[in-house]
Amino acid sequence: MAISSATGKPLTSLAKERARAYTISRAAAGGFKRRGLRAYFEYRDLGIEKSSKGKVVAHVIKALPEKAPHGAWHSHACNLQFVYVLKGWLKFEYEGVGVITVKAGDCFVQPPNILHREWAHSKNMELLEVVAPANFKTLDGPPLVAAAAKKPKPVKKAVKKAAKKVAKK
Ligand SMILES: [Fe+2]
């Protein structure tokens with residue numbers, strides 16, 4: 001029987017559950033991969049997505065020195081997104097805000113769905129990004145364009161479906 005080092009009593013099932021959810025991502029393990037949203041960055045996943053069961057993703061993003069950002073307008077459909085710049089600098093443009101340069105030590109929140117584009121970043125740029133939920137979507141260009149691209153159901157199909165519903169009753 002496992003004994004709690006905190007209480008001296010047997011571990012409760014809740015304490016065991018919490019212990020299983022404990023997550024650590026060691027710097028020494030490295031873990032940067034050229035797999036993520038942008039081909040010009042490397043990503044180190046910090047394991048938060050798994051421990052939060054998809055509620056949040058957190059990663060350290062590092063610039064690939066030989067590559068530049070694509071600079072295209074886009075938005076992220078999420079509930080929360082914030083960035084803490086660890087090294088170097090980045091220059092963004094936000095709709096209604098303007099061009100912003102952020103440097104190491106700066107932290108900013110990108111409101112959900114705000115249109116933005118990245119102009120440039122330093123070769124040594126590193127940042128910590130936290131986004132909720134983990135499987136957030138990225139839309140190219142204005143959200144209205146993306147929404148318009150989604151075709152509505154044809155009227156005939158909708159009428160047939162409604163008729164079937166009525167027939168079942
Ligand atoms: Fe973005």
# chains A, B, ... in the order shown; residues from 1 in each chain; ligands from 1
call {"tool": "select_by_dssp", "arguments": {"residues": "chain A", "states": "alpha helix (DSSP H)", "output": "PyMOL selection string"}}
result
chain A and resi 13-21+48-51+143-149+155-168
call {"tool": "residues_around", "arguments": {"residues": "range 63-66 of chain A", "least_positions_apart": "2", "cutoff": "9 Å", "atoms": "only C-alpha atoms", "output": "number ranges by chain"}}
result
A: 39-42, 61, 68, 121-126
call {"tool": "write_last_selection", "arguments": {"atoms": "C-alpha atoms", "output": "CSV table (one decimal), in the first residue's frame"}}
result
chain,number,residue,atom,x,y,z
A,39,ALA,CA,7.5,25.1,-41.5
A,40,TYR,CA,9.8,27.9,-40.5
A,41,PHE,CA,9.6,27.0,-36.8
A,42,GLU,CA,10.7,24.1,-34.6
A,61,ILE,CA,8.7,27.6,-30.5
A,68,ALA,CA,11.3,33.5,-42.9
A,121,HIS,CA,11.5,37.5,-36.4
A,122,SER,CA,15.1,37.4,-35.3
A,123,LYS,CA,17.1,34.3,-36.1
A,124,ASN,CA,17.5,33.5,-32.4
A,125,MET,CA,13.7,33.9,-31.7
A,126,GLU,CA,12.2,31.6,-29.0
call {"tool": "closest_atom_pairs", "arguments": {"of": "chain A", "to": "ligand 1", "cutoff": "12 Å", "atoms": "only C-alpha atoms and all ligand atoms", "output": "tab-separated table"}}
result
residue	atom	partner	partner_atom_place_in_ligand_line	distance
A:Leu37	CA	ligand 1	1 (Fe)	9.1
A:Arg38	CA	ligand 1	1 (Fe)	9.4
A:Pro69	CA	ligand 1	1 (Fe)	10.5
A:His70	CA	ligand 1	1 (Fe)	10.8
A:Gly71	CA	ligand 1	1 (Fe)	9.7
A:Ala72	CA	ligand 1	1 (Fe)	9.3
A:Trp73	CA	ligand 1	1 (Fe)	8.3
A:His74	CA	ligand 1	1 (Fe)	6.3
A:Ser75	CA	ligand 1	1 (Fe)	6.0
A:His76	CA	ligand 1	1 (Fe)	6.4
A:Ala77	CA	ligand 1	1 (Fe)	10.2
A:Cys78	CA	ligand 1	1 (Fe)	11.2
A:Gln81	CA	ligand 1	1 (Fe)	9.6
A:Phe82	CA	ligand 1	1 (Fe)	10.7
A:Val83	CA	ligand 1	1 (Fe)	10.6
A:Leu90	CA	ligand 1	1 (Fe)	11.8
A:Lys91	CA	ligand 1	1 (Fe)	11.7
A:Phe92	CA	ligand 1	1 (Fe)	9.0
A:Glu93	CA	ligand 1	1 (Fe)	10.1
A:Tyr94	CA	ligand 1	1 (Fe)	9.9
A:Val109	CA	ligand 1	1 (Fe)	11.3
A:Gln110	CA	ligand 1	1 (Fe)	8.4
A:Pro111	CA	ligand 1	1 (Fe)	10.7
A:Pro112	CA	ligand 1	1 (Fe)	10.4
A:Asn113	CA	ligand 1	1 (Fe)	9.5
A:Ile114	CA	ligand 1	1 (Fe)	9.0
A:Leu115	CA	ligand 1	1 (Fe)	8.2
A:His116	CA	ligand 1	1 (Fe)	6.4
A:Arg117	CA	ligand 1	1 (Fe)	6.4
A:Glu118	CA	ligand 1	1 (Fe)	7.3
A:Trp119	CA	ligand 1	1 (Fe)	11.1
A:Glu129	CA	ligand 1	1 (Fe)	10.6
A:Val131	CA	ligand 1	1 (Fe)	11.1
A:Phe136	CA	ligand 1	1 (Fe)	11.3
A:Lys137	CA	ligand 1	1 (Fe)	10.4
A:Thr138	CA	ligand 1	1 (Fe)	7.6
A:Leu139	CA	ligand 1	1 (Fe)	9.2
A:Asp140	CA	ligand 1	1 (Fe)	9.7
A:Gly141	CA	ligand 1	1 (Fe)	11.0
call {"tool": "select_by_dssp", "arguments": {"residues": "range 23-169 of chain A", "states": "strand (DSSP E or B)", "output": "ChimeraX atom specification"}}
result
/A:33,41-45,57-63,74-77,80-87,89-94,98-103,107-109,116-121,126-132,137-140
call {"tool": "write_last_selection", "arguments": {"atoms": "C-alpha atoms", "output": "tab-separated table (two decimals), in the first residue's frame"}}
result
chain	number	residue	atom	x	y	z
A	33	LYS	CA	10.77	18.85	-33.79
A	41	PHE	CA	9.62	27.03	-36.77
A	42	GLU	CA	10.66	24.12	-34.56
A	43	TYR	CA	8.29	23.09	-31.78
A	44	ARG	CA	8.93	21.55	-28.38
A	45	ASP	CA	5.71	20.18	-26.96
A	57	VAL	CA	-1.47	23.03	-25.51
A	58	ALA	CA	1.83	24.64	-24.54
A	59	HIS	CA	4.96	24.60	-26.59
A	60	VAL	CA	8.25	26.39	-26.99
A	61	ILE	CA	8.68	27.63	-30.55
A	62	LYS	CA	12.12	28.30	-32.01
A	63	ALA	CA	12.97	30.04	-35.29
A	74	HIS	CA	-4.75	34.38	-40.75
A	75	SER	CA	-6.63	33.83	-37.51
A	76	HIS	CA	-6.86	31.17	-34.82
A	77	ALA	CA	-10.23	29.85	-33.64
A	80	LEU	CA	-7.28	31.72	-25.31
A	81	GLN	CA	-3.85	32.24	-26.83
A	82	PHE	CA	-0.92	33.89	-25.17
A	83	VAL	CA	2.74	34.18	-25.97
A	84	TYR	CA	5.78	34.90	-23.82
A	85	VAL	CA	8.88	35.82	-25.81
A	86	LEU	CA	11.92	34.00	-24.44
A	87	LYS	CA	14.62	35.18	-26.86
A	89	TRP	CA	12.06	39.56	-31.27
A	90	LEU	CA	9.04	39.26	-33.60
A	91	LYS	CA	7.05	41.76	-35.60
A	92	PHE	CA	3.30	41.21	-36.10
A	93	GLU	CA	0.44	43.14	-37.61
A	94	TYR	CA	-3.04	42.90	-36.08
A	98	GLY	CA	-1.35	47.91	-36.19
A	99	VAL	CA	2.24	46.70	-36.36
A	100	ILE	CA	3.69	45.53	-33.05
A	101	THR	CA	7.25	44.46	-32.25
A	102	VAL	CA	7.66	42.20	-29.22
A	103	LYS	CA	10.98	41.39	-27.57
A	107	CYS	CA	4.01	38.68	-23.10
A	108	PHE	CA	0.91	39.21	-25.22
A	109	VAL	CA	-2.59	37.82	-25.66
A	116	HIS	CA	-2.97	38.94	-37.90
A	117	ARG	CA	0.20	38.23	-39.81
A	118	GLU	CA	3.83	37.89	-38.89
A	119	TRP	CA	6.20	40.20	-40.70
A	120	ALA	CA	9.55	39.02	-39.35
A	121	HIS	CA	11.45	37.54	-36.43
A	126	GLU	CA	12.23	31.59	-29.04
A	127	LEU	CA	8.80	31.89	-27.46
A	128	LEU	CA	6.43	30.03	-25.19
A	129	GLU	CA	2.90	29.75	-26.57
A	130	VAL	CA	-0.15	28.52	-24.66
A	131	VAL	CA	-3.42	27.90	-26.51
A	132	ALA	CA	-6.80	26.54	-25.44
A	137	LYS	CA	-8.08	25.68	-35.84
A	138	THR	CA	-6.14	28.15	-37.97
A	139	LEU	CA	-7.99	29.91	-40.76
A	140	ASP	CA	-6.28	31.57	-43.71
call {"tool": "atom_distance", "arguments": {"atom1": "CA of Thr7 in chain A", "atom2": "CA of Ser51 in chain A"}}
result
24.5 Å
